[in-house]
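Here the structure comes first, spelled out in structure tokens, and everything after it is commentary.
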Amino acid sequence: MESIFDQLRDYGSYIRDPKMDGFTQFGAKQKLYKILWETQRQIDMCPKFVGEKEWVEQNNCAMQHK
């Protein structure tokens, strides 16, 4: 799982790097959008679980404060 997060951080780093050209930056951002959309699609197809709503709210709040 960490390798997934590492790759996402790399894409973010490429996008914010002022030494990168816009073509490379936009390509990395497109990949992030595709990952976002597919992740949301997969989550939407999953069943709901007991305690899920609370877990999502707690962790979403924690992520916003990082």
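Labels for the structure tokens follow display order: chains A, B, ..., residues from 1 in each chain, ligands from 1.
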
Could you give me, as a tab-separated table, every region 33-59 of chain A residue with an atom at most 12 Å from region 8-19 of chain A, plus its closest atom pair and distance in Å to one decimal, counting only C-alpha atoms, rows ordered by chain then number?
```
residue	atom	partner	partner_atom	distance
A:Tyr33	CA	A:Leu8	CA	10.9
A:Lys34	CA	A:Leu8	CA	11.7
A:Ile35	CA	A:Leu8	CA	9.1
A:Leu36	CA	A:Leu8	CA	10.5
```

Those residues you just picked out, can you put them in a file as a short mmCIF file (atom, residue, chain, number, x, y, z; two decimals), in the first residue's frame with N, CA, C and O atoms?
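This went into result_38.cif:
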```cif
data_model
loop_
_atom_site.label_atom_id
_atom_site.label_comp_id
_atom_site.auth_asym_id
_atom_site.auth_seq_id
_atom_site.Cartn_x
_atom_site.Cartn_y
_atom_site.Cartn_z
N TYR A 33 -6.24 12.48 -11.57
CA TYR A 33 -7.69 12.52 -11.80
C TYR A 33 -8.23 11.12 -12.14
O TYR A 33 -9.26 10.71 -11.61
N LYS A 34 -7.54 10.39 -13.00
CA LYS A 34 -7.99 9.05 -13.37
C LYS A 34 -8.02 8.12 -12.15
O LYS A 34 -8.95 7.31 -12.00
N ILE A 35 -7.02 8.24 -11.30
CA ILE A 35 -6.99 7.45 -10.07
C ILE A 35 -8.14 7.84 -9.16
O ILE A 35 -8.83 6.97 -8.60
N LEU A 36 -8.38 9.13 -9.02
CA LEU A 36 -9.49 9.63 -8.20
C LEU A 36 -10.82 9.08 -8.70
O LEU A 36 -11.62 8.56 -7.91
#
```

Write down as a PyMOL selection string the residues of region 6-66 of chain A whose backbone DSSP state falls under alpha helix (DSSP H). chain A and resi 6-16+22-45+52-64

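CA of Ile43 (chain A) to CA of Phe26 (chain A) spans 25.6 Å [interatomic distance, one decimal].
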
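The interatomic distance for the pair CA of Cys46 (chain A) and CA of Ala28 (chain A) works out to 27.5 Å.
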